[in-house]
Amino acid sequence: MIKLIEKIEGEAKLNFNFKEGKIDFVDIEFMSTRNIENILKGKNAFDALVINPRVCGICGHAHLIATVQALESCYDNLKLSNKAKIIRELTLSFELIQNHFKWFYLTMLPLFGHKQQILKATYPSQLMGKAIALFGGQYPHTSYAVVGGVVCEITEMDIIKLQLYIAQTVKFVEDNLVKTESENFLTCKDADALLDYEGDLPDILRQIKKDGFLEHGKSYDRFISFGQNSYFKKGKSLKTKVIHNISVLHVKESEMPSSFAKNVSFKDKYYEVGPLARAMVNKTPLVTDAHKKYGDSIFSRILARVCEISQLLQHSKKLIKDLDLSEESYIEPSIDISKLSSSGYSAVEAARGTLIHKVEIENGMIKNYEIITPTQWNLSGGTKEKQGVSQKAMVGLSDVKTAELVFKSFDVCSVCTTQ
Amino acid sequence: MKKKMRVLWLSAIACNGNTHSFLNYPYIEQFLDDFEFIYHPVIDSHYTLEDIVSKKIPCDVLLIEGAISKEFKRVDVSVVDIIEKYSKIVQKIVTVGTCATFGGIFRESGYEETSGMHFDQDKPSQKFQDLIDKTISVSGCPVHPEVLVNTLYAIKKEAILKLDNFLRPKEFYAYTIHNGCTRNEYFEYKVDNHRFGELEGCMFYDHGCQAPFTHGSCNKVLWNEVNSKTRAGLSCMGCTEPTFPKQNLFSTKKNMAIPENLPVGVGKRVYLTLAGISKAFKIDRLEKKLFDD
């Protein structure tokens, strides 16, 4: 039976094959493509900073940061101030946070039979949008990160405003998501103890337990994360063993006949990316405890994503303290882009997981551009013999409605199909 | 219960940027009291997309996001067919964002004959000729949430909106992005030494700022209620215009040291004369850092 999955930034078609009342195989088809990679060819390299955020309306900022880092990797000895690095990291974190709120309140809650809570999604994500706009001028679709730094200068007053947006968002979390001081949530190491709290997150987690959904959504139990920064570590996690020494060079894309989204594998194996993967690689105690108890199920996946909201808010407060306003926001590159022929790549963590950009430049013009999105890692379809991450997670379920929940627990973004 | 206006939000070849920009509208609670989405890309609706394409659901306003091509389908139905079906029953059609209005970034997405609804860049398109009187365009990449929402309220109120040649409400698009920019003085007095990463300076001379010849209200109705790209120090990329995206966006195209594109309605000779005079001001305050020791 074929089911159209909607309200996922575009749509996908899932073709379910049942065997003895259980899902045996799911064919995933993304039905359209936006061809951004082709649009970029032959354009001035800096224009990618304007075009690429428009890959995606919800994670466009991650595409901007990936673009600027890929371009910068083409230079030798490019200078970047610590201040610019921190500002970029802050705005990227804010985008992740707004995305997590929207996913939890707009996508996940209705799948558990609750009414969609639009204002609980928009209120905190608007605050995070303001925080990005403070530096970038607007959200979505700013291009404020340029080769050599950021275009903005910030003042003490900006910092004060920023701290207020963050404090107000923290307050929202404490009043709604997990009703306790964030400190308690952040230091909680026991996934079951979290269930004793009130709040929208514990409500959903309790419901997963009560409804017997704890086994749902398990896949390969293999995780990977490439987008290193001051908070996220690079690495892969197999069950609980973490290896940090991994290279993007082993990431491969391959075409699938039925779908516009190419498959992505690391050393010929499929890995899950996203907040759960990041928490496993980072060894976040609360998430690894959930994983120990409930594996790579929807329980752990949802917990990891919501947990990241508080972690990133706390980390952002720390980053702001590290800002030295006397540093330069922008340092002009010593070589003009029109004289540059080179290639490079970047990996950043977008809300849904690792995003990789690869670029080839000839005399400042784009010769080739490749984008590997988180949706390709988690949701592109494999064959029955070698299933993709989300495909495997749906096998064995007995109904399509639960399968949709599992599929969406990875969070799908089909507008990101860039090829 | 008062009657809500029924709105269909249809995405064509889009990044969903307008969808998320709309979610930044500050008074969304009130908006949802006055309007009902019969379908929206992320907000729950009474009908599924399958209902929308297979039936004809009663609807008052059709919103189109994304570039349009007959080849692009939603649930196996061409977006052109969906548009034609609903355009017959709605009071108004709104093309939301630059892709739906002019083709925008996704005009180059490789689908057959991709363009905006009534315009292929600045050229009028014949495709939906009979619907032109029903259409209002709110361009921008993305659209500003206030521009979209207030236009919808104007439709609800049946207010008469004056539109420009691209069907955009003059209320928002008669201004240029330059209006209200905090860097205006550097432009007026021709202080042309802008560097990125500074509060001072104007991006018009060297860094490709298109604000003086781009229509919109970005510096009048601020983004996310706090800022604008040009205030932050990023050039206006001209995203509300049919020509978006131009090439080489971070540098100003010049002929004999004079910017090729001048402010709307300004002649080259007059510009040169005035620029020469303005430069003579040599205003110390604008040559120095804004927050001077």
# chains A, B, ... in the order shown; residues from 1 in each chain; ligands from 1
>>> residues_around(residues="Arg6 in chain B", least_positions_apart="4", cutoff="6 Å", atoms="only C-alpha atoms", output="list in words")
Phe35, Glu36, Phe37, Cys59 and Asp60 of chain B
>>> write_last_selection(atoms="all heavy atoms", output="PDB file, in the first residue's frame")
ATOM      1  N   PHE B  35      -8.445  33.650   9.871  1.00  0.00           N
ATOM      2  CA  PHE B  35      -8.241  32.887   8.637  1.00  0.00           C
ATOM      3  C   PHE B  35      -8.122  31.401   8.963  1.00  0.00           C
ATOM      4  O   PHE B  35      -7.630  31.032  10.031  1.00  0.00           O
ATOM      5  CB  PHE B  35      -6.945  33.331   7.934  1.00  0.00           C
ATOM      6  CG  PHE B  35      -6.980  34.746   7.419  1.00  0.00           C
ATOM      7  CD1 PHE B  35      -6.678  35.819   8.256  1.00  0.00           C
ATOM      8  CD2 PHE B  35      -7.316  35.003   6.096  1.00  0.00           C
ATOM      9  CE1 PHE B  35      -6.707  37.125   7.780  1.00  0.00           C
ATOM     10  CE2 PHE B  35      -7.345  36.307   5.611  1.00  0.00           C
ATOM     11  CZ  PHE B  35      -7.043  37.368   6.459  1.00  0.00           C
ATOM     12  N   GLU B  36      -8.544  30.592   7.998  1.00  0.00           N
ATOM     13  CA  GLU B  36      -8.376  29.150   8.168  1.00  0.00           C
ATOM     14  C   GLU B  36      -7.631  28.607   6.957  1.00  0.00           C
ATOM     15  O   GLU B  36      -8.003  28.887   5.808  1.00  0.00           O
ATOM     16  CB  GLU B  36      -9.761  28.481   8.254  1.00  0.00           C
ATOM     17  CG  GLU B  36      -9.681  26.975   8.349  1.00  0.00           C
ATOM     18  CD  GLU B  36     -10.957  26.272   7.869  1.00  0.00           C
ATOM     19  OE1 GLU B  36     -12.008  26.930   7.764  1.00  0.00           O
ATOM     20  OE2 GLU B  36     -10.872  25.069   7.581  1.00  0.00           O
ATOM     21  N   PHE B  37      -6.568  27.849   7.207  1.00  0.00           N
ATOM     22  CA  PHE B  37      -5.881  27.222   6.085  1.00  0.00           C
ATOM     23  C   PHE B  37      -6.605  25.931   5.719  1.00  0.00           C
ATOM     24  O   PHE B  37      -6.688  25.026   6.557  1.00  0.00           O
ATOM     25  CB  PHE B  37      -4.427  26.905   6.452  1.00  0.00           C
ATOM     26  CG  PHE B  37      -3.540  28.115   6.474  1.00  0.00           C
ATOM     27  CD1 PHE B  37      -3.026  28.595   7.669  1.00  0.00           C
ATOM     28  CD2 PHE B  37      -3.219  28.761   5.288  1.00  0.00           C
ATOM     29  CE1 PHE B  37      -2.201  29.713   7.681  1.00  0.00           C
ATOM     30  CE2 PHE B  37      -2.386  29.880   5.306  1.00  0.00           C
ATOM     31  CZ  PHE B  37      -1.883  30.356   6.503  1.00  0.00           C
ATOM     32  N   CYS B  59     -12.928  27.579  -1.039  1.00  0.00           N
ATOM     33  CA  CYS B  59     -11.734  28.351  -0.725  1.00  0.00           C
ATOM     34  C   CYS B  59     -11.911  29.799  -1.176  1.00  0.00           C
ATOM     35  O   CYS B  59     -12.566  30.066  -2.184  1.00  0.00           O
ATOM     36  CB  CYS B  59     -10.557  27.701  -1.467  1.00  0.00           C
ATOM     37  SG  CYS B  59      -9.002  28.521  -1.243  1.00  0.00           S
ATOM     38  N   ASP B  60     -11.369  30.745  -0.402  1.00  0.00           N
ATOM     39  CA  ASP B  60     -11.517  32.166  -0.739  1.00  0.00           C
ATOM     40  C   ASP B  60     -10.264  32.780  -1.356  1.00  0.00           C
ATOM     41  O   ASP B  60     -10.341  33.652  -2.199  1.00  0.00           O
ATOM     42  CB  ASP B  60     -11.885  32.971   0.519  1.00  0.00           C
ATOM     43  CG  ASP B  60     -13.150  32.440   1.174  1.00  0.00           C
ATOM     44  OD1 ASP B  60     -14.148  32.248   0.458  1.00  0.00           O
ATOM     45  OD2 ASP B  60     -13.134  32.186   2.400  1.00  0.00           O
TER      46      ASP B  60
END
>>> residues_around(residues="Ser247 in chain A", least_positions_apart="4", cutoff="10 Å", atoms="only C-alpha atoms", output="MDAnalysis selection string")
chainID A and resid 226 234:235 251 266
>>> residues_around(residues="range 172-182 of chain A", least_positions_apart="4", cutoff="6 Å", atoms="only C-alpha atoms", output="number ranges by chain")
A: 186, 198-201
>>> closest_atom_pairs(of="chain B", to="chain A", cutoff="6 Å", atoms="only C-alpha atoms", output="CSV")
residue,atom,partner,partner_atom,distance
B:Cys15,CA,A:Cys56,CA,4.6
B:Asn16,CA,A:Gly57,CA,4.7
B:Gly17,CA,A:Gly57,CA,3.5
B:Asn24,CA,A:Gln126,CA,5.5
B:Pro41,CA,A:Lys7,CA,5.1
B:Val42,CA,A:Lys7,CA,4.8
B:Ser109,CA,A:Asn35,CA,5.2
B:Phe196,CA,A:Val151,CA,4.7
B:Gly197,CA,A:Val151,CA,4.4
B:Glu198,CA,A:Glu153,CA,5.0
B:Leu199,CA,A:Glu153,CA,5.7
B:Trp223,CA,A:Gln138,CA,5.3
B:Asn224,CA,A:Lys130,CA,5.3
B:Asn227,CA,A:Gly137,CA,5.0
B:Ser228,CA,A:Gly137,CA,4.1
B:Lys229,CA,A:Gly137,CA,3.9
B:Ala232,CA,A:Gly137,CA,5.0
B:Gly233,CA,A:Cys152,CA,5.3
B:Leu234,CA,A:Val151,CA,5.9
B:Asn248,CA,A:Asn44,CA,5.7
B:Leu249,CA,A:Asp47,CA,5.9
>>> residues_around(residues="Pro58 in chain B", least_positions_apart="4", cutoff="10 Å", atoms="only C-alpha atoms", output="JSON, numbers by chain")
{"B": [6, 7, 8, 38, 52, 86, 89, 90]}
>>> write_last_selection(atoms="N, CA, C and O atoms", output="compact mmCIF listing (two decimals), in the first residue's frame")
# COMPACT_ATOMS: atom_id res chain seq x y z
N ARG B 6 -11.14 31.41 4.10
CA ARG B 6 -10.46 30.13 3.83
C ARG B 6 -9.31 30.32 2.83
O ARG B 6 -9.52 30.87 1.74
N VAL B 7 -8.15 29.84 3.23
CA VAL B 7 -6.94 30.07 2.44
C VAL B 7 -6.28 28.74 2.08
O VAL B 7 -6.12 27.88 2.94
N LEU B 8 -5.91 28.60 0.82
CA LEU B 8 -5.14 27.43 0.39
C LEU B 8 -3.70 27.86 0.14
O LEU B 8 -3.45 28.76 -0.66
N ILE B 38 -7.12 25.84 4.50
CA ILE B 38 -7.67 24.55 4.10
C ILE B 38 -6.50 23.59 3.81
O ILE B 38 -6.63 22.39 3.90
N ILE B 52 -7.16 18.07 -1.49
CA ILE B 52 -7.06 19.32 -2.24
C ILE B 52 -6.98 19.06 -3.74
O ILE B 52 -7.65 19.71 -4.53
N TYR B 86 -8.46 25.89 -8.68
CA TYR B 86 -8.85 26.76 -7.54
C TYR B 86 -9.00 28.22 -7.94
O TYR B 86 -9.75 28.96 -7.30
N ILE B 89 -12.54 29.40 -8.34
CA ILE B 89 -13.48 29.58 -7.22
C ILE B 89 -13.06 30.64 -6.20
O ILE B 89 -13.86 31.08 -5.41
N VAL B 90 -11.78 31.04 -6.24
CA VAL B 90 -11.33 31.98 -5.20
C VAL B 90 -11.62 33.43 -5.60
O VAL B 90 -11.80 33.74 -6.78
>>> select_by_dssp(residues="range 55-200 of chain B", states="helix (DSSP H, G or I)", output="PyMOL selection string")
chain B and resi 79-87+97-102+105-108+129-134+145-157+170-173+184-188
>>> residues_around(residues="Ile309 in chain A", least_positions_apart="2", cutoff="12 Å", atoms="only C-alpha atoms", output="PyMOL selection string")
chain A and resi 93-104+124-125+128+166+169-170+172-174+177-178+182+185-186+201+275+302-307+311-316+351
>>> closest_residue(among="B:Glu65, B:Glu146, B:Glu158, B:Asp206", to="Pro26 in chain B", atoms="only C-alpha atoms")
B:Glu146
>>> closest_residue(among="B:Val61, B:Ile43, B:Cys141, B:Asp81", to="Ala14 in chain B", atoms="only C-alpha atoms")
B:Cys141
>>> residues_around(residues="range 210-221 of chain B", least_positions_apart="3", cutoff="9 Å", atoms="only C-alpha atoms", output="PyMOL selection string")
chain B and resi 139-140+144+146-147+171-182+203-204+225+227-231+235-241+252+261-265
>>> select_by_dssp(residues="range 317-376 of chain A", states="strand (DSSP E or B)", output="PyMOL selection string")
chain A and resi 330+342-350+353-362+365-372
>>> residues_around(residues="Val273 in chain A", least_positions_apart="4", cutoff="9 Å", atoms="only C-alpha atoms", output="short mmCIF file (atom, residue, chain, number, x, y, z; two decimals) with N, CA and C atoms, in the first residue's frame")
data_model
loop_
_atom_site.label_atom_id
_atom_site.label_comp_id
_atom_site.auth_asym_id
_atom_site.auth_seq_id
_atom_site.Cartn_x
_atom_site.Cartn_y
_atom_site.Cartn_z
N ARG A 222 23.80 2.69 14.54
CA ARG A 222 25.09 3.24 14.09
C ARG A 222 24.89 4.72 13.86
N PHE A 223 25.78 5.51 14.41
CA PHE A 223 25.60 6.96 14.34
C PHE A 223 26.85 7.63 13.80
N ILE A 224 26.64 8.76 13.13
CA ILE A 224 27.81 9.49 12.65
C ILE A 224 27.53 10.99 12.67
N SER A 225 28.58 11.75 12.87
CA SER A 225 28.45 13.20 12.97
C SER A 225 29.78 13.83 12.54
N ALA A 277 22.46 11.08 17.06
CA ALA A 277 23.83 10.75 16.67
C ALA A 277 24.82 11.68 17.38
N ARG A 278 24.50 12.97 17.41
CA ARG A 278 25.41 13.94 18.04
C ARG A 278 25.56 13.65 19.53
N ARG A 352 18.82 18.56 11.46
CA ARG A 352 18.53 17.14 11.22
C ARG A 352 19.78 16.29 11.10
N GLY A 353 20.95 16.88 11.15
CA GLY A 353 22.19 16.10 11.10
C GLY A 353 23.24 16.70 10.19
N THR A 354 24.25 15.88 9.89
CA THR A 354 25.41 16.35 9.15
C THR A 354 25.07 16.81 7.73
N PRO A 374 21.26 16.00 5.44
CA PRO A 374 20.92 15.02 6.48
C PRO A 374 19.81 14.07 6.05
N THR A 375 18.84 14.59 5.30
CA THR A 375 17.73 13.75 4.86
C THR A 375 18.24 12.58 4.00
N TRP A 377 21.09 11.04 4.41
CA TRP A 377 21.66 10.03 5.34
C TRP A 377 20.54 9.18 5.95
N ASN A 378 19.55 9.86 6.48
CA ASN A 378 18.56 9.15 7.29
C ASN A 378 17.43 8.54 6.47
N PHE A 410 12.65 10.95 12.38
CA PHE A 410 13.95 11.36 11.81
C PHE A 410 13.88 12.79 11.28
#
>>> atom_distance(atom1="CA of Thr284 in chain A", atom2="CA of Leu92 in chain A")
19.9 Å
